[in-house]
Amino acid sequence: MTLSERAAAMPPTCTTNMELYTRILLPKARFSFSYEDRVVMVGSCFAENIGRKLEENKFAVDVNPFGTLYNPASVAEGLRRLLRPERFTPGDLFRHEGVYHSFAHHSRFSAPSEEECLEQINSRLSQSADFLRKATRLVITWGTAFVYRLKSDGRIVSNCHKLPEKQFDRRRLSVREIVAEWEALLQALWEQRPALKILFTVSPIRHWKDGAHENQLSKATLLLAADALRKEAPDRIDYFPAYEILMDELRDYRFYADDMLHPSPLAIDFIWQRFTGNFLSAETLAILKEWGDIQKAIHHKPFQPGSEAYKRFMLQTLLKMERISGKMPSFDLGKEIEIVKSKLE
């Protein structure tokens with residue numbers, strides 16, 4: 001049988017409407033995000049990457065007040081500290097290899113002096129606690145169900161800061177433990193902010209040092225815990241499948257960074273598009289597109305920057321910026337307006 005005869009003999013579904021990848025179907029969002037919302041993002045990969053996208057697009061957002069946090073227990077502890085902010089003191093820090101660290105924070109808050117470290121931590125704590133009191137949306141991203149307990153006092157640390165592994169006990173949280181801790185925390189959050197809507201996600205970054213099988217067990221634990229919490233408060237909690245999108249829709253190593261674990265910029269953009277398409281209202285999407293067009297105009301490199309045509313183009317861009325600022329007073333376009341004015345000089 002020739003190739004053409006084989007093709008003719010194939011069922012119609014094999015030659016038409018061919019699907020070359022598995023598409024994740026997103027259920028209708030239970031709530032939306034808009035420019036009027038104040039959004040807190042805490043946790044792992046999704047919180048960092050999508051949080052930065054929201055910032056770039058002028059949303060009112062506070063991303064990871066404690067730095068990147070990976071496990072549900074550390075994320076929960078960070079939120080409890082924001083609900084009842086108490087200043088960190090020298091006793092909350094430790095010194096390792098000439099640098100001061102906090103077990104509650106990512107190393108981005110570490111500093112060579114005790115004073116600098118505490119200033120960074122307490123300044124952000126105060127700002128973020130105030131932001132949370134006015135927040136309308138909270139996005140939580142869990143990265144791993146494994147935790148490290150400090151042997152000296154039994155507390156779960158958010159970051160080991162490269163201390164010797166012998167100082168910690170490592171274990172995987174159970175679904176029951178995660179759900180029990182978060183049930184109490186969610187009630188405390190809603191007591192302070194009854195209208196707060198919460199979106200859970202699981203980071204698509206594989207924790208390869210746990211091993212392939214242990215990583216899957218860890219992710220499964222997080223998925224089951226998030227699902228259980230969502231079912232308890234379906235009007236207040238939703239879930240976005242960032243993990244599933246990268247694992248299935250983007251099942252190709254071109255969507256990963258050089259370490260083959262973190263998502264590439266292309267993958268982050270794809271997940272951002274799926275997120276905005278599902279969770280942003282039509283009005284917000286329209287403003288987002290308008291702002292995107294303005295950004296392109298600002299960064300446009302003309303062949304003749306001194307031409308009258310380019311000056312008219314920049315003046316039109318300035319008018320668009322003034323118009324969008326009038327519609328959205330929360331937009332802070334001071335920096336961008338200065339860039340445009342400098343190009344007109």
# chains A, B, ... in the order shown; residues from 1 in each chain; ligands from 1
>>> select_by_dssp(residues="segment 95-337 of chain A", states="strand (DSSP E)", output="VMD selection string")
chain A and resid 95 to 96 99 to 102 137 to 142 146 to 150 156 to 157 168 to 172 197 to 202 237 to 239
>>> write_last_selection(atoms="N, CA and C atoms", output="compact mmCIF listing (two decimals), in the first residue's frame")
# COMPACT_ATOMS: atom_id res chain seq x y z
N ARG A 95 23.42 34.89 62.33
CA ARG A 95 24.53 35.29 61.46
C ARG A 95 25.21 34.04 60.91
N HIS A 96 25.39 34.03 59.60
CA HIS A 96 26.06 32.89 58.96
C HIS A 96 26.94 33.41 57.84
N VAL A 99 26.83 37.22 57.18
CA VAL A 99 25.58 37.83 56.74
C VAL A 99 24.47 37.49 57.74
N TYR A 100 23.59 38.47 58.00
CA TYR A 100 22.45 38.26 58.90
C TYR A 100 21.24 37.77 58.11
N HIS A 101 20.57 36.75 58.66
CA HIS A 101 19.43 36.14 57.98
C HIS A 101 18.26 36.00 58.95
N SER A 102 17.06 35.79 58.36
CA SER A 102 15.86 35.45 59.11
C SER A 102 15.32 34.14 58.56
N ARG A 137 -8.13 40.74 46.87
CA ARG A 137 -7.75 39.47 46.25
C ARG A 137 -6.44 38.98 46.87
N LEU A 138 -6.39 37.67 47.12
CA LEU A 138 -5.18 37.04 47.65
C LEU A 138 -4.87 35.83 46.78
N VAL A 139 -3.66 35.80 46.20
CA VAL A 139 -3.24 34.69 45.34
C VAL A 139 -2.14 33.93 46.07
N ILE A 140 -2.36 32.63 46.27
CA ILE A 140 -1.46 31.80 47.05
C ILE A 140 -0.89 30.71 46.15
N THR A 141 0.42 30.62 46.09
CA THR A 141 1.08 29.58 45.29
C THR A 141 1.94 28.71 46.18
N TRP A 142 1.61 27.43 46.23
CA TRP A 142 2.44 26.47 46.96
C TRP A 142 3.40 25.79 46.00
N PHE A 146 7.13 19.55 51.16
CA PHE A 146 8.24 19.22 52.07
C PHE A 146 8.61 20.44 52.91
N VAL A 147 8.87 20.20 54.17
CA VAL A 147 9.29 21.27 55.08
C VAL A 147 10.58 20.86 55.78
N TYR A 148 11.29 21.88 56.26
CA TYR A 148 12.51 21.65 57.04
C TYR A 148 12.29 22.23 58.44
N ARG A 149 12.45 21.39 59.44
CA ARG A 149 12.32 21.82 60.84
C ARG A 149 13.71 21.99 61.45
N LEU A 150 13.90 23.10 62.12
CA LEU A 150 15.16 23.35 62.81
C LEU A 150 15.23 22.43 64.04
N ILE A 156 9.36 25.22 61.76
CA ILE A 156 9.51 25.09 60.31
C ILE A 156 10.10 26.38 59.77
N VAL A 157 11.16 26.26 58.97
CA VAL A 157 11.81 27.45 58.43
C VAL A 157 11.35 27.68 56.99
N PHE A 168 18.69 20.27 60.36
CA PHE A 168 17.26 20.23 60.06
C PHE A 168 16.74 18.80 59.96
N ASP A 169 15.45 18.68 60.25
CA ASP A 169 14.70 17.46 59.95
C ASP A 169 13.78 17.77 58.78
N ARG A 170 13.76 16.91 57.78
CA ARG A 170 12.95 17.13 56.59
C ARG A 170 11.83 16.10 56.51
N ARG A 171 10.62 16.58 56.23
CA ARG A 171 9.51 15.65 56.04
C ARG A 171 8.44 16.29 55.17
N ARG A 172 7.51 15.46 54.69
CA ARG A 172 6.43 15.94 53.83
C ARG A 172 5.17 16.13 54.66
N LYS A 197 -11.36 37.56 48.26
CA LYS A 197 -11.44 36.37 47.42
C LYS A 197 -10.03 35.78 47.29
N ILE A 198 -9.95 34.45 47.30
CA ILE A 198 -8.65 33.78 47.36
C ILE A 198 -8.49 32.82 46.19
N LEU A 199 -7.34 32.93 45.54
CA LEU A 199 -7.03 32.06 44.40
C LEU A 199 -5.81 31.21 44.76
N PHE A 200 -5.98 29.89 44.69
CA PHE A 200 -4.87 28.96 44.94
C PHE A 200 -4.26 28.52 43.61
N THR A 201 -2.95 28.36 43.61
CA THR A 201 -2.25 27.75 42.48
C THR A 201 -1.14 26.86 43.05
N VAL A 202 -0.66 25.95 42.22
CA VAL A 202 0.49 25.11 42.57
C VAL A 202 1.59 25.41 41.56
N ILE A 237 -13.25 30.94 47.17
CA ILE A 237 -11.97 30.35 46.78
C ILE A 237 -12.08 29.78 45.37
N ASP A 238 -11.04 30.00 44.58
CA ASP A 238 -10.96 29.40 43.25
C ASP A 238 -9.55 28.84 43.07
N TYR A 239 -9.35 28.12 41.96
CA TYR A 239 -8.06 27.48 41.68
C TYR A 239 -7.69 27.76 40.22
>>> select_by_dssp(residues="segment 15-65 of chain A", states="helix (DSSP H, G or I)", output="list of chain:residue names")
A:Thr15, A:Cys45, A:Phe46, A:Ala47, A:Glu48, A:Asn49, A:Ile50, A:Gly51, A:Arg52, A:Lys53, A:Leu54, A:Glu55, A:Glu56
>>> atom_distance(atom1="atom CA of Ser203 of chain A", atom2="atom CA of Cys45 of chain A")
5.4 Å
>>> residues_around(residues="segment 332-341 of chain A", least_positions_apart="5", cutoff="10 Å", atoms="only C-alpha atoms", output="list of chain:residue names")
A:Lys58, A:Phe59, A:Ala60, A:Ile294, A:Gln295, A:Ala297, A:Ile298, A:His299, A:Lys311, A:Met314, A:Leu315, A:Thr317, A:Leu318, A:Met321, A:Glu322, A:Ile324, A:Ser325
>>> residues_around(residues="Tyr35 of chain A", least_positions_apart="5", cutoff="10 Å", atoms="only C-alpha atoms", output="number ranges by chain")
A: 54, 57-61, 280-281, 283-285, 287-288, 328-331
>>> write_last_selection(atoms="N, CA and C atoms", output="PDB file, in the first residue's frame")
ATOM      1  N   LEU A  54       1.577  41.585  36.747  1.00  0.00           N
ATOM      2  CA  LEU A  54       0.554  42.495  37.240  1.00  0.00           C
ATOM      3  C   LEU A  54       1.155  43.857  37.563  1.00  0.00           C
ATOM      4  N   ASN A  57       1.843  45.890  34.529  1.00  0.00           N
ATOM      5  CA  ASN A  57       0.621  46.368  33.892  1.00  0.00           C
ATOM      6  C   ASN A  57      -0.226  47.232  34.820  1.00  0.00           C
ATOM      7  N   LYS A  58       0.430  47.772  35.856  1.00  0.00           N
ATOM      8  CA  LYS A  58      -0.135  48.828  36.697  1.00  0.00           C
ATOM      9  C   LYS A  58      -1.267  48.388  37.618  1.00  0.00           C
ATOM     10  N   PHE A  59      -1.336  47.100  37.948  1.00  0.00           N
ATOM     11  CA  PHE A  59      -2.290  46.662  38.959  1.00  0.00           C
ATOM     12  C   PHE A  59      -1.738  47.020  40.342  1.00  0.00           C
ATOM     13  N   ALA A  60      -2.637  47.233  41.297  1.00  0.00           N
ATOM     14  CA  ALA A  60      -2.232  47.473  42.684  1.00  0.00           C
ATOM     15  C   ALA A  60      -1.934  46.111  43.305  1.00  0.00           C
ATOM     16  N   VAL A  61      -0.652  45.773  43.439  1.00  0.00           N
ATOM     17  CA  VAL A  61      -0.276  44.427  43.860  1.00  0.00           C
ATOM     18  C   VAL A  61       0.927  44.471  44.796  1.00  0.00           C
ATOM     19  N   LEU A 280      -9.695  38.065  34.223  1.00  0.00           N
ATOM     20  CA  LEU A 280      -9.883  39.502  34.090  1.00  0.00           C
ATOM     21  C   LEU A 280     -11.222  39.792  33.419  1.00  0.00           C
ATOM     22  N   SER A 281     -11.925  40.797  33.950  1.00  0.00           N
ATOM     23  CA  SER A 281     -13.192  41.199  33.362  1.00  0.00           C
ATOM     24  C   SER A 281     -12.955  41.792  31.976  1.00  0.00           C
ATOM     25  N   GLU A 283     -13.883  44.627  30.765  1.00  0.00           N
ATOM     26  CA  GLU A 283     -13.442  46.025  30.870  1.00  0.00           C
ATOM     27  C   GLU A 283     -11.958  46.103  31.215  1.00  0.00           C
ATOM     28  N   THR A 284     -11.521  45.226  32.146  1.00  0.00           N
ATOM     29  CA  THR A 284     -10.114  45.220  32.539  1.00  0.00           C
ATOM     30  C   THR A 284      -9.224  44.759  31.397  1.00  0.00           C
ATOM     31  N   LEU A 285      -9.676  43.770  30.640  1.00  0.00           N
ATOM     32  CA  LEU A 285      -8.908  43.301  29.482  1.00  0.00           C
ATOM     33  C   LEU A 285      -8.750  44.414  28.449  1.00  0.00           C
ATOM     34  N   ILE A 287      -8.665  47.665  29.052  1.00  0.00           N
ATOM     35  CA  ILE A 287      -7.680  48.619  29.578  1.00  0.00           C
ATOM     36  C   ILE A 287      -6.276  48.028  29.467  1.00  0.00           C
ATOM     37  N   LEU A 288      -6.157  46.729  29.734  1.00  0.00           N
ATOM     38  CA  LEU A 288      -4.866  46.044  29.638  1.00  0.00           C
ATOM     39  C   LEU A 288      -4.312  46.139  28.214  1.00  0.00           C
ATOM     40  N   MET A 328      -8.326  55.604  34.906  1.00  0.00           N
ATOM     41  CA  MET A 328      -7.806  54.783  35.993  1.00  0.00           C
ATOM     42  C   MET A 328      -6.861  55.612  36.856  1.00  0.00           C
ATOM     43  N   PRO A 329      -7.402  56.352  37.832  1.00  0.00           N
ATOM     44  CA  PRO A 329      -6.556  57.195  38.681  1.00  0.00           C
ATOM     45  C   PRO A 329      -5.470  56.411  39.421  1.00  0.00           C
ATOM     46  N   SER A 330      -5.660  55.091  39.588  1.00  0.00           N
ATOM     47  CA  SER A 330      -4.672  54.279  40.299  1.00  0.00           C
ATOM     48  C   SER A 330      -3.397  54.075  39.483  1.00  0.00           C
ATOM     49  N   PHE A 331      -3.464  54.327  38.173  1.00  0.00           N
ATOM     50  CA  PHE A 331      -2.281  54.180  37.322  1.00  0.00           C
ATOM     51  C   PHE A 331      -1.229  55.216  37.715  1.00  0.00           C
TER      52      PHE A 331
END
>>> atom_distance(atom1="atom CA of Ser113 of chain A", atom2="atom CA of Ala76 of chain A")
27.8 Å
>>> atom_distance(atom1="atom CA of Gln127 of chain A", atom2="atom CA of Pro85 of chain A")
10.2 Å
>>> closest_residue(among="A:Asp37, A:Glu114, A:Asp130, A:Asp62", to="Gln192 of chain A", atoms="only C-alpha atoms")
A:Asp130
>>> residues_around(residues="segment 247-263 of chain A", least_positions_apart="4", cutoff="6 Å", atoms="only C-alpha atoms", output="VMD selection string")
chain A and resid 22 to 23 205 to 206 267
>>> write_last_selection(atoms="C-alpha atoms", output="short mmCIF file (atom, residue, chain, number, x, y, z; two decimals), in the first residue's frame")
data_model
loop_
_atom_site.label_atom_id
_atom_site.label_comp_id
_atom_site.auth_asym_id
_atom_site.auth_seq_id
_atom_site.Cartn_x
_atom_site.Cartn_y
_atom_site.Cartn_z
CA THR A 22 -3.41 18.54 25.29
CA ARG A 23 -5.33 21.72 26.06
CA ILE A 205 8.52 24.12 39.04
CA ARG A 206 9.61 20.57 39.82
CA ALA A 267 5.92 29.73 29.09
#
>>> residues_around(residues="Glu232 of chain A", least_positions_apart="4", cutoff="12 Å", atoms="only C-alpha atoms", output="list in words")
Val179, Ala180, Trp182, Glu183, Leu186, Gln187, Ala225, Ala226, Asp227, Ala228, Arg236, Ile237 and Asp238 of chain A
>>> write_last_selection(atoms="N, CA and C atoms", output="compact mmCIF listing (two decimals), in the first residue's frame")
# COMPACT_ATOMS: atom_id res chain seq x y z
N VAL A 179 -4.66 21.27 55.34
CA VAL A 179 -6.04 21.74 55.36
C VAL A 179 -6.40 22.29 56.75
N ALA A 180 -6.01 21.58 57.80
CA ALA A 180 -6.33 22.02 59.16
C ALA A 180 -5.73 23.39 59.46
N TRP A 182 -4.78 25.70 57.29
CA TRP A 182 -5.32 26.75 56.43
C TRP A 182 -6.79 27.05 56.70
N GLU A 183 -7.54 26.10 57.21
CA GLU A 183 -8.93 26.39 57.59
C GLU A 183 -8.97 27.49 58.63
N LEU A 186 -7.72 30.89 57.05
CA LEU A 186 -8.70 31.52 56.16
C LEU A 186 -9.80 32.21 56.96
N GLN A 187 -10.22 31.60 58.04
CA GLN A 187 -11.24 32.23 58.89
C GLN A 187 -10.72 33.53 59.48
N ALA A 225 -4.90 19.26 48.81
CA ALA A 225 -5.19 20.22 49.89
C ALA A 225 -5.91 21.45 49.33
N ALA A 226 -5.44 21.97 48.20
CA ALA A 226 -6.08 23.14 47.59
C ALA A 226 -7.51 22.81 47.17
N ASP A 227 -7.72 21.61 46.65
CA ASP A 227 -9.06 21.20 46.23
C ASP A 227 -10.01 21.09 47.42
N ALA A 228 -9.50 20.54 48.52
CA ALA A 228 -10.34 20.40 49.72
C ALA A 228 -10.76 21.76 50.25
N ARG A 236 -15.81 31.80 47.75
CA ARG A 236 -14.69 32.67 48.12
C ARG A 236 -13.35 32.20 47.60
N ILE A 237 -13.25 30.94 47.17
CA ILE A 237 -11.97 30.35 46.78
C ILE A 237 -12.08 29.78 45.37
N ASP A 238 -11.04 30.00 44.58
CA ASP A 238 -10.96 29.40 43.25
C ASP A 238 -9.55 28.84 43.07
>>> residues_around(residues="Thr68 of chain A", least_positions_apart="2", cutoff="12 Å", atoms="only C-alpha atoms", output="PDB file with C-alpha atoms, in the first residue's frame")
ATOM      1  CA  MET A  41       0.585  37.492  45.952  1.00  0.00           C
ATOM      2  CA  VAL A  42       2.421  35.061  48.228  1.00  0.00           C
ATOM      3  CA  GLY A  43       4.360  31.877  47.653  1.00  0.00           C
ATOM      4  CA  SER A  44       6.404  30.287  44.911  1.00  0.00           C
ATOM      5  CA  CYS A  45       6.836  30.544  41.118  1.00  0.00           C
ATOM      6  CA  PHE A  46       3.400  31.733  40.015  1.00  0.00           C
ATOM      7  CA  ALA A  47       3.301  34.438  42.706  1.00  0.00           C
ATOM      8  CA  GLU A  48       6.642  35.824  41.521  1.00  0.00           C
ATOM      9  CA  ASN A  49       6.160  35.580  37.752  1.00  0.00           C
ATOM     10  CA  GLY A  51       2.905  39.117  40.265  1.00  0.00           C
ATOM     11  CA  VAL A  63       4.277  40.477  45.759  1.00  0.00           C
ATOM     12  CA  ASN A  64       5.860  38.226  48.400  1.00  0.00           C
ATOM     13  CA  PRO A  65       6.403  40.447  51.455  1.00  0.00           C
ATOM     14  CA  PHE A  66       8.718  37.755  52.900  1.00  0.00           C
ATOM     15  CA  TYR A  70       7.720  27.399  49.047  1.00  0.00           C
ATOM     16  CA  ASN A  71       5.710  25.286  51.475  1.00  0.00           C
ATOM     17  CA  PRO A  72       2.142  25.808  52.810  1.00  0.00           C
ATOM     18  CA  SER A  74       5.701  28.942  55.721  1.00  0.00           C
ATOM     19  CA  VAL A  75       3.173  30.772  53.530  1.00  0.00           C
ATOM     20  CA  GLY A  78       3.854  34.757  56.724  1.00  0.00           C
ATOM     21  CA  ALA A 104      11.059  33.547  58.126  1.00  0.00           C
ATOM     22  CA  HIS A 105      12.415  35.295  55.009  1.00  0.00           C
ATOM     23  CA  HIS A 106      14.017  34.632  51.667  1.00  0.00           C
ATOM     24  CA  SER A 107      17.699  35.548  51.335  1.00  0.00           C
ATOM     25  CA  ARG A 108      16.779  38.755  49.450  1.00  0.00           C
ATOM     26  CA  PHE A 109      16.172  40.243  52.917  1.00  0.00           C
ATOM     27  CA  ILE A 140      -1.457  31.797  47.050  1.00  0.00           C
ATOM     28  CA  THR A 141       1.076  29.582  45.292  1.00  0.00           C
ATOM     29  CA  TRP A 142       2.440  26.468  46.955  1.00  0.00           C
ATOM     30  CA  GLY A 143       5.645  24.959  45.606  1.00  0.00           C
ATOM     31  CA  SER A 158      10.976  29.289  55.226  1.00  0.00           C
ATOM     32  CA  ASN A 159      14.579  29.149  54.030  1.00  0.00           C
ATOM     33  CA  SER A 203       3.892  26.021  41.179  1.00  0.00           C
TER      34      SER A 203
END
